[in-house]
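Shown next: query-v4.pdb, given as PDB, C-alpha atoms, pLDDT in the B column.
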```pdb
MODEL        1
ATOM      1  CA  MET T   1     111.052  98.211  85.057  1.00 43.00           C
ATOM      2  CA  ASP T   2     107.817  96.831  86.567  1.00 46.00           C
ATOM      3  CA  ARG T   3     106.243  97.027  83.102  1.00 49.00           C
ATOM      4  CA  GLN T   4     109.043  94.867  81.632  1.00 45.00           C
ATOM      5  CA  ILE T   5     108.644  92.267  84.345  1.00 44.00           C
ATOM      6  CA  GLU T   6     104.867  92.275  83.938  1.00 49.00           C
ATOM      7  CA  ASP T   7     105.101  91.903  80.157  1.00 50.00           C
ATOM      8  CA  ALA T   8     107.515  88.993  80.540  1.00 47.00           C
ATOM      9  CA  LYS T   9     105.201  87.216  82.953  1.00 48.00           C
ATOM     10  CA  VAL T  10     101.994  87.726  80.985  1.00 48.00           C
ATOM     11  CA  LYS T  11     102.983  85.675  77.962  1.00 48.00           C
ATOM     12  CA  ALA T  12     105.360  82.750  78.026  1.00 47.00           C
ATOM     13  CA  GLU T  13     106.361  80.660  75.037  1.00 48.00           C
ATOM     14  CA  THR T  14     106.188  76.891  75.171  1.00 50.00           C
ATOM     15  CA  LYS T  15     108.602  74.549  73.366  1.00 53.00           C
ATOM     16  CA  ASP T  16     106.411  74.280  70.262  1.00 56.00           C
ATOM     17  CA  GLY T  17     106.147  78.092  69.963  1.00 57.00           C
ATOM     18  CA  ALA T  18     102.551  78.388  71.192  1.00 55.00           C
ATOM     19  CA  LYS T  19     101.697  81.212  73.540  1.00 54.00           C
ATOM     20  CA  GLN T  20     100.212  80.539  76.944  1.00 53.00           C
ATOM     21  CA  ARG T  21      99.198  82.797  79.769  1.00 52.00           C
ATOM     22  CA  SER T  22     101.352  82.742  82.844  1.00 49.00           C
ATOM     23  CA  SER T  23      99.718  81.770  86.126  1.00 49.00           C
ATOM     24  CA  TYR T  24     100.877  85.072  87.631  1.00 49.00           C
ATOM     25  CA  ARG T  25      98.023  87.505  86.954  1.00 51.00           C
ATOM     26  CA  SER T  26      98.874  90.791  88.622  1.00 53.00           C
ATOM     27  CA  GLY T  27     100.884  92.504  91.314  1.00 61.00           C
ATOM     28  CA  HIS T  28      98.044  92.160  93.819  1.00 64.00           C
ATOM     29  CA  LEU T  29      98.320  89.781  96.747  1.00 65.00           C
ATOM     30  CA  MET T  30      95.377  90.857  98.907  1.00 73.00           C
ATOM     31  CA  CYS T  31      93.092  92.423  96.294  1.00 69.00           C
ATOM     32  CA  ARG T  32      92.465  89.101  94.545  1.00 68.00           C
ATOM     33  CA  THR T  33      90.042  87.908  97.184  1.00 75.00           C
ATOM     34  CA  PRO T  34      88.174  89.704  99.992  1.00 78.00           C
ATOM     35  CA  LEU T  35      89.242  86.990 102.442  1.00 84.00           C
ATOM     36  CA  TRP T  36      92.724  88.515 102.800  1.00 85.00           C
ATOM     37  CA  GLY T  37      91.393  92.012 103.454  1.00 86.00           C
ATOM     38  CA  VAL T  38      89.023  90.692 106.125  1.00 91.00           C
ATOM     39  CA  ALA T  39      91.761  88.536 107.687  1.00 91.00           C
ATOM     40  CA  GLY T  40      94.138  91.517 107.727  1.00 91.00           C
ATOM     41  CA  PHE T  41      91.466  93.676 109.337  1.00 95.00           C
ATOM     42  CA  LEU T  42      90.640  91.113 112.025  1.00 96.00           C
ATOM     43  CA  GLY T  43      94.294  90.465 112.870  1.00 95.00           C
ATOM     44  CA  CYS T  44      95.146  94.156 113.055  1.00 95.00           C
ATOM     45  CA  ALA T  45      91.971  94.933 115.031  1.00 97.00           C
ATOM     46  CA  TYR T  46      92.960  92.257 117.573  1.00 97.00           C
ATOM     47  CA  PHE T  47      96.454  93.733 117.989  1.00 96.00           C
ATOM     48  CA  THR T  48      94.953  97.225 118.279  1.00 97.00           C
ATOM     49  CA  TRP T  49      92.714  96.023 121.088  1.00 97.00           C
ATOM     50  CA  LEU T  50      95.642  94.204 122.731  1.00 95.00           C
ATOM     51  CA  SER T  51      97.897  97.281 122.638  1.00 94.00           C
ATOM     52  CA  PHE T  52      95.305  99.653 124.071  1.00 94.00           C
ATOM     53  CA  SER T  53      94.031  97.177 126.669  1.00 95.00           C
ATOM     54  CA  ARG T  54      97.559  96.826 128.046  1.00 94.00           C
ATOM     55  CA  VAL T  55      97.829 100.606 128.294  1.00 93.00           C
ATOM     56  CA  THR T  56      94.517 100.845 130.179  1.00 95.00           C
ATOM     57  CA  ARG T  57      95.682  98.118 132.611  1.00 95.00           C
ATOM     58  CA  ASN T  58      99.101  99.800 133.040  1.00 92.00           C
ATOM     59  CA  GLU T  59     100.949  96.708 131.768  1.00 88.00           C
ATOM     60  CA  TYR T  60     104.214  98.027 130.404  1.00 85.00           C
ATOM     61  CA  ASP T  61     106.409  94.946 130.469  1.00 85.00           C
ATOM     62  CA  TRP T  62     108.111  93.904 127.229  1.00 87.00           C
ATOM     63  CA  PRO T  63     109.898  90.619 126.469  1.00 88.00           C
ATOM     64  CA  HIS T  64     113.681  90.866 126.051  1.00 89.00           C
ATOM     65  CA  ASP T  65     114.681  87.359 124.993  1.00 93.00           C
ATOM     66  CA  PHE T  66     116.541  86.073 121.935  1.00 94.00           C
ATOM     67  CA  TRP T  67     113.593  84.115 120.486  1.00 96.00           C
ATOM     68  CA  THR T  68     111.279  87.117 120.533  1.00 94.00           C
ATOM     69  CA  ALA T  69     113.883  89.217 118.712  1.00 94.00           C
ATOM     70  CA  ALA T  70     114.452  86.428 116.187  1.00 96.00           C
ATOM     71  CA  THR T  71     110.713  86.122 115.599  1.00 96.00           C
ATOM     72  CA  TYR T  72     110.452  89.863 115.000  1.00 96.00           C
ATOM     73  CA  LEU T  73     113.311  89.687 112.485  1.00 97.00           C
ATOM     74  CA  VAL T  74     111.653  86.844 110.572  1.00 97.00           C
ATOM     75  CA  TRP T  75     108.373  88.794 110.391  1.00 96.00           C
ATOM     76  CA  ILE T  76     110.195  91.949 109.286  1.00 96.00           C
ATOM     77  CA  LEU T  77     111.894  90.080 106.438  1.00 96.00           C
ATOM     78  CA  LEU T  78     108.671  88.361 105.387  1.00 94.00           C
ATOM     79  CA  LEU T  79     106.596  91.552 105.413  1.00 93.00           C
ATOM     80  CA  ALA T  80     109.291  93.576 103.656  1.00 93.00           C
ATOM     81  CA  GLY T  81     109.390  90.896 100.967  1.00 91.00           C
ATOM     82  CA  LEU T  82     105.614  91.066 100.587  1.00 87.00           C
ATOM     83  CA  ALA T  83     105.723  94.862 100.385  1.00 86.00           C
ATOM     84  CA  LEU T  84     108.336  94.682  97.638  1.00 87.00           C
ATOM     85  CA  ASP T  85     106.555  91.880  95.768  1.00 85.00           C
ATOM     86  CA  THR T  86     103.302  93.741  95.218  1.00 83.00           C
ATOM     87  CA  ARG T  87     102.722  96.689  92.916  1.00 79.00           C
ATOM     88  CA  CYS T  88      99.457  97.748  94.565  1.00 83.00           C
ATOM     89  CA  LEU T  89      99.800 100.955  96.586  1.00 87.00           C
ATOM     90  CA  ARG T  90      97.124  99.903  99.108  1.00 87.00           C
ATOM     91  CA  GLU T  91      98.935  96.654  99.802  1.00 87.00           C
ATOM     92  CA  ARG T  92     102.345  98.336  99.991  1.00 90.00           C
ATOM     93  CA  VAL T  93     100.981 100.782 102.563  1.00 92.00           C
ATOM     94  CA  PHE T  94      99.452  97.912 104.550  1.00 92.00           C
ATOM     95  CA  PHE T  95     102.628  95.825 104.588  1.00 93.00           C
ATOM     96  CA  GLY T  96     104.733  98.948 105.207  1.00 94.00           C
ATOM     97  CA  LEU T  97     102.707  99.775 108.331  1.00 95.00           C
ATOM     98  CA  LEU T  98     103.199  96.233 109.574  1.00 95.00           C
ATOM     99  CA  VAL T  99     106.954  96.437 108.934  1.00 96.00           C
ATOM    100  CA  ILE T 100     107.143  99.677 110.945  1.00 96.00           C
ATOM    101  CA  ASN T 101     105.186  98.053 113.773  1.00 96.00           C
ATOM    102  CA  PHE T 102     107.471  95.033 113.876  1.00 96.00           C
ATOM    103  CA  VAL T 103     110.622  97.178 113.703  1.00 96.00           C
ATOM    104  CA  VAL T 104     109.400  99.104 116.765  1.00 95.00           C
ATOM    105  CA  GLY T 105     108.654  95.817 118.549  1.00 94.00           C
ATOM    106  CA  CYS T 106     112.081  94.415 117.676  1.00 95.00           C
ATOM    107  CA  GLY T 107     113.765  97.608 118.850  1.00 94.00           C
ATOM    108  CA  LEU T 108     111.991  97.438 122.200  1.00 93.00           C
ATOM    109  CA  THR T 109     112.929  93.769 122.523  1.00 94.00           C
ATOM    110  CA  LEU T 110     116.596  94.559 121.966  1.00 94.00           C
ATOM    111  CA  TRP T 111     116.490  97.556 124.340  1.00 92.00           C
ATOM    112  CA  SER T 112     116.766  95.708 127.646  1.00 87.00           C
ATOM    113  CA  ASP T 113     116.430  98.649 130.067  1.00 89.00           C
ATOM    114  CA  VAL T 114     113.610 100.523 128.341  1.00 87.00           C
ATOM    115  CA  PRO T 115     111.744 102.864 130.735  1.00 90.00           C
ATOM    116  CA  SER T 116     108.054 102.160 131.383  1.00 88.00           C
ATOM    117  CA  ALA T 117     107.081 105.590 130.056  1.00 90.00           C
ATOM    118  CA  ASP T 118     108.699 104.753 126.701  1.00 91.00           C
ATOM    119  CA  VAL T 119     106.926 101.391 126.566  1.00 91.00           C
ATOM    120  CA  ARG T 120     103.625 103.180 127.247  1.00 93.00           C
ATOM    121  CA  VAL T 121     104.252 105.606 124.380  1.00 93.00           C
ATOM    122  CA  ALA T 122     105.308 102.719 122.133  1.00 92.00           C
ATOM    123  CA  ARG T 123     102.177 100.724 122.976  1.00 93.00           C
ATOM    124  CA  ILE T 124      99.971 103.725 122.163  1.00 95.00           C
ATOM    125  CA  GLY T 125     101.893 104.397 118.945  1.00 95.00           C
ATOM    126  CA  THR T 126     101.863 100.789 117.798  1.00 94.00           C
ATOM    127  CA  GLY T 127      98.185 100.532 118.705  1.00 95.00           C
ATOM    128  CA  ALA T 128      97.505 103.497 116.444  1.00 97.00           C
ATOM    129  CA  LEU T 129      99.588 101.885 113.671  1.00 96.00           C
ATOM    130  CA  TRP T 130      97.660  98.621 114.070  1.00 96.00           C
ATOM    131  CA  ALA T 131      94.377 100.551 113.809  1.00 97.00           C
ATOM    132  CA  LEU T 132      95.577 102.360 110.686  1.00 96.00           C
ATOM    133  CA  ALA T 133      96.728  99.055 109.144  1.00 95.00           C
ATOM    134  CA  ALA T 134      93.284  97.565 109.901  1.00 95.00           C
ATOM    135  CA  LEU T 135      91.625 100.409 108.001  1.00 94.00           C
ATOM    136  CA  VAL T 136      94.065 100.115 105.099  1.00 92.00           C
ATOM    137  CA  SER T 137      93.380  96.380 104.867  1.00 91.00           C
ATOM    138  CA  LEU T 138      89.701  97.198 104.394  1.00 90.00           C
ATOM    139  CA  ALA T 139      90.686  99.299 101.377  1.00 87.00           C
ATOM    140  CA  THR T 140      91.750  96.100  99.612  1.00 82.00           C
ATOM    141  CA  LEU T 141      88.229  94.652  99.816  1.00 82.00           C
ATOM    142  CA  GLY T 142      87.202  96.456  96.630  1.00 72.00           C
ATOM    143  CA  GLY T 143      89.670  94.373  94.665  1.00 60.00           C
ATOM    144  CA  ALA T 144      92.150  95.497  92.065  1.00 53.00           C
ATOM    145  CA  PRO T 145      90.737  97.758  89.341  1.00 56.00           C
ATOM    146  CA  GLU T 146      92.163  95.615  86.526  1.00 53.00           C
ATOM    147  CA  LEU T 147      90.808  92.440  88.160  1.00 50.00           C
ATOM    148  CA  ARG T 148      87.310  93.976  88.332  1.00 51.00           C
ATOM    149  CA  LYS T 149      87.564  95.222  84.754  1.00 56.00           C
ATOM    150  CA  ASN T 150      88.720  91.883  83.324  1.00 56.00           C
ATOM    151  CA  GLY T 151      86.381  89.753  85.413  1.00 54.00           C
ATOM    152  CA  ALA T 152      88.605  87.967  87.953  1.00 49.00           C
ATOM    153  CA  LYS T 153      88.303  84.218  88.064  1.00 47.00           C
TER     154      LYS T 153
ENDMDL
END
```
Please re-express this file's structure in structure tokens.
Amino acid sequence: MDRQIEDAKVKAETKDGAKQRSSYRSGHLMCRTPLWGVAGFLGCAYFTWLSFSRVTRNEYDWPHDFWTAATYLVWILLLAGLALDTRCLRERVFFGLLVINFVVGCGLTLWSDVPSADVRVARIGTGALWALAALVSLATLGGAPELRKNGAK
């Protein structure tokens, strides 16, 4: 099915019957430019540091308000949409890791009487997921194979 969608987007007919290339080039969101891979790495590295620094300082509080939960839900929907929009495995893994991280955060926000030991485990786990996502974002720096082959513009 992806092939049918891709074929439909590659060539579009104009009113006079001439063929023109669609502005949509590939199923890669981050691989098109190294900027997105670097930005993803820096953002994930920051959240990795934040998670582990809170564990080392024994800060296990977690917000339990409506706006935090709503923010998590918006991010989950956005990242799930991005994961479904791309056809690049590296990008799907990256966005999938972020979705998992935000689902855990939303769950802890909705769980009002979460024990400190569980928050500690969650902070360590999400810190590890942030670190893994940072490494996966670096994998997109090489660009998409078909973009390299065709000479991306």
Cut-off 7 Å around (104.1, 103.3, 113.6) with only C-alpha atoms: residues as a VMD selection string: chain T and resid 97 100 to 101 125 to 126 129
Residues within 7 Å of (112.7, 92.6, 117.6), file coordinates, counting all atoms listed in the file: what are they? Give the list as a compact mmCIF listing (two decimals) with C-alpha atoms, in the frame of the given file.
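Once written, part_30.txt looks like this:
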```
# COMPACT_ATOMS: atom_id res chain seq x y z
CA THR T 68 111.28 87.12 120.53
CA ALA T 69 113.88 89.22 118.71
CA ALA T 70 114.45 86.43 116.19
CA TYR T 72 110.45 89.86 115.00
CA LEU T 73 113.31 89.69 112.48
CA PHE T 102 107.47 95.03 113.88
CA VAL T 103 110.62 97.18 113.70
CA GLY T 105 108.65 95.82 118.55
CA CYS T 106 112.08 94.42 117.68
CA GLY T 107 113.76 97.61 118.85
CA LEU T 108 111.99 97.44 122.20
CA THR T 109 112.93 93.77 122.52
CA LEU T 110 116.60 94.56 121.97
```
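Closest approach to Pro115 in chain T among T:Trp67, T:Val74, T:Asp61, T:Ala139: T:Asp61, based on only C-alpha atoms.
With distances restricted to all atoms listed in the file, T:Leu50 is the closest residue to Ala128 in chain T from T:Leu50, T:Leu42, T:Leu141, T:Leu35.
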Ground truth for the PyMOL selection byres ((chain T and resi 92) around 12), written as JSON, numbers by chain: {"T": [27, 28, 29, 30, 31, 79, 80, 81, 82, 83, 84, 85, 86, 87, 88, 89, 90, 91, 93, 94, 95, 96, 97, 98, 99, 133, 136, 137, 139, 140]}
Separation of CA of Ala45 in chain T from CA of Ala134 in chain T, in Å and rounded to one decimal: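 So the answer is 5.9 Å.
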Proximity to His64 in chain T - best of T:Val38, T:Val114, T:Leu132, T:Ile124, all atoms listed in the file: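 Smallest distance to His64 in chain T is found for T:Val114.
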Between CA of Ser116 in chain T and CA of Tyr60 in chain T, distance in Å (one decimal):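 That distance, rounded to one decimal, is 5.7 Å.
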Between CA of Cys44 in chain T and CA of Ala117 in chain T - distance in Å to one decimal: 23.7 Å
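Closest approach to Ser112 in chain T among T:Trp75, T:Phe52, T:Trp62, T:Trp130: T:Trp62, based on only C-alpha atoms.
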For Val119 in chain T, the nearest of the candidates T:Ala39, T:Ala131, T:Val104, T:Leu77, counting all atoms listed in the file: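 Of the candidates, the smallest distance to Val119 in chain T is held by T:Val104.
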What would range 79-97 of chain T look like with N, CA, C and O atoms restored, written as a short mmCIF file (atom, residue, chain, number, x, y, z; two decimals), in the frame of the given file?
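Generated output (result_25.cif):
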```cif
data_model
loop_
_atom_site.label_atom_id
_atom_site.label_comp_id
_atom_site.auth_asym_id
_atom_site.auth_seq_id
_atom_site.Cartn_x
_atom_site.Cartn_y
_atom_site.Cartn_z
N LEU T 79 107.47 90.43 105.79
CA LEU T 79 106.60 91.55 105.41
C LEU T 79 107.28 92.52 104.45
O LEU T 79 106.62 93.05 103.54
N ALA T 80 108.58 92.73 104.61
CA ALA T 80 109.29 93.58 103.66
C ALA T 80 109.30 92.92 102.28
O ALA T 80 109.12 93.60 101.26
N GLY T 81 109.46 91.61 102.24
CA GLY T 81 109.39 90.90 100.97
C GLY T 81 108.02 91.01 100.33
O GLY T 81 107.90 91.22 99.11
N LEU T 82 106.98 90.90 101.12
CA LEU T 82 105.61 91.07 100.59
C LEU T 82 105.39 92.48 100.08
O LEU T 82 104.75 92.69 99.05
N ALA T 83 105.89 93.46 100.81
CA ALA T 83 105.72 94.86 100.38
C ALA T 83 106.44 95.12 99.07
O ALA T 83 105.95 95.87 98.22
N LEU T 84 107.59 94.50 98.88
CA LEU T 84 108.34 94.68 97.64
C LEU T 84 107.77 93.85 96.49
O LEU T 84 107.97 94.19 95.33
N ASP T 85 107.08 92.77 96.80
CA ASP T 85 106.56 91.88 95.77
C ASP T 85 105.31 92.43 95.08
O ASP T 85 105.05 92.12 93.93
N THR T 86 104.55 93.22 95.78
CA THR T 86 103.30 93.74 95.22
C THR T 86 103.52 95.09 94.54
O THR T 86 104.44 95.81 94.88
N ARG T 87 102.68 95.38 93.57
CA ARG T 87 102.72 96.69 92.92
C ARG T 87 101.51 97.53 93.28
O ARG T 87 101.32 98.61 92.75
N CYS T 88 100.67 97.05 94.15
CA CYS T 88 99.46 97.75 94.56
C CYS T 88 99.80 98.69 95.72
O CYS T 88 100.34 98.26 96.74
N LEU T 89 99.48 99.96 95.56
CA LEU T 89 99.80 100.96 96.59
C LEU T 89 99.12 100.64 97.91
O LEU T 89 99.72 100.76 98.98
N ARG T 90 97.85 100.22 97.86
CA ARG T 90 97.12 99.90 99.11
C ARG T 90 97.81 98.78 99.87
O ARG T 90 97.96 98.85 101.09
N GLU T 91 98.26 97.77 99.15
CA GLU T 91 98.94 96.65 99.80
C GLU T 91 100.32 97.05 100.30
O GLU T 91 100.74 96.61 101.37
N ARG T 92 101.02 97.87 99.53
CA ARG T 92 102.34 98.34 99.99
C ARG T 92 102.23 99.16 101.27
O ARG T 92 103.04 99.03 102.17
N VAL T 93 101.20 99.99 101.34
CA VAL T 93 100.98 100.78 102.56
C VAL T 93 100.67 99.85 103.73
O VAL T 93 101.21 100.00 104.83
N PHE T 94 99.81 98.87 103.50
CA PHE T 94 99.45 97.91 104.55
C PHE T 94 100.69 97.18 105.07
O PHE T 94 100.96 97.17 106.27
N PHE T 95 101.44 96.57 104.16
CA PHE T 95 102.63 95.82 104.59
C PHE T 95 103.69 96.75 105.17
O PHE T 95 104.40 96.38 106.10
N GLY T 96 103.79 97.98 104.66
CA GLY T 96 104.73 98.95 105.21
C GLY T 96 104.40 99.31 106.65
O GLY T 96 105.31 99.41 107.50
N LEU T 97 103.11 99.49 106.95
CA LEU T 97 102.71 99.78 108.33
C LEU T 97 103.05 98.61 109.26
O LEU T 97 103.50 98.81 110.39
#
```
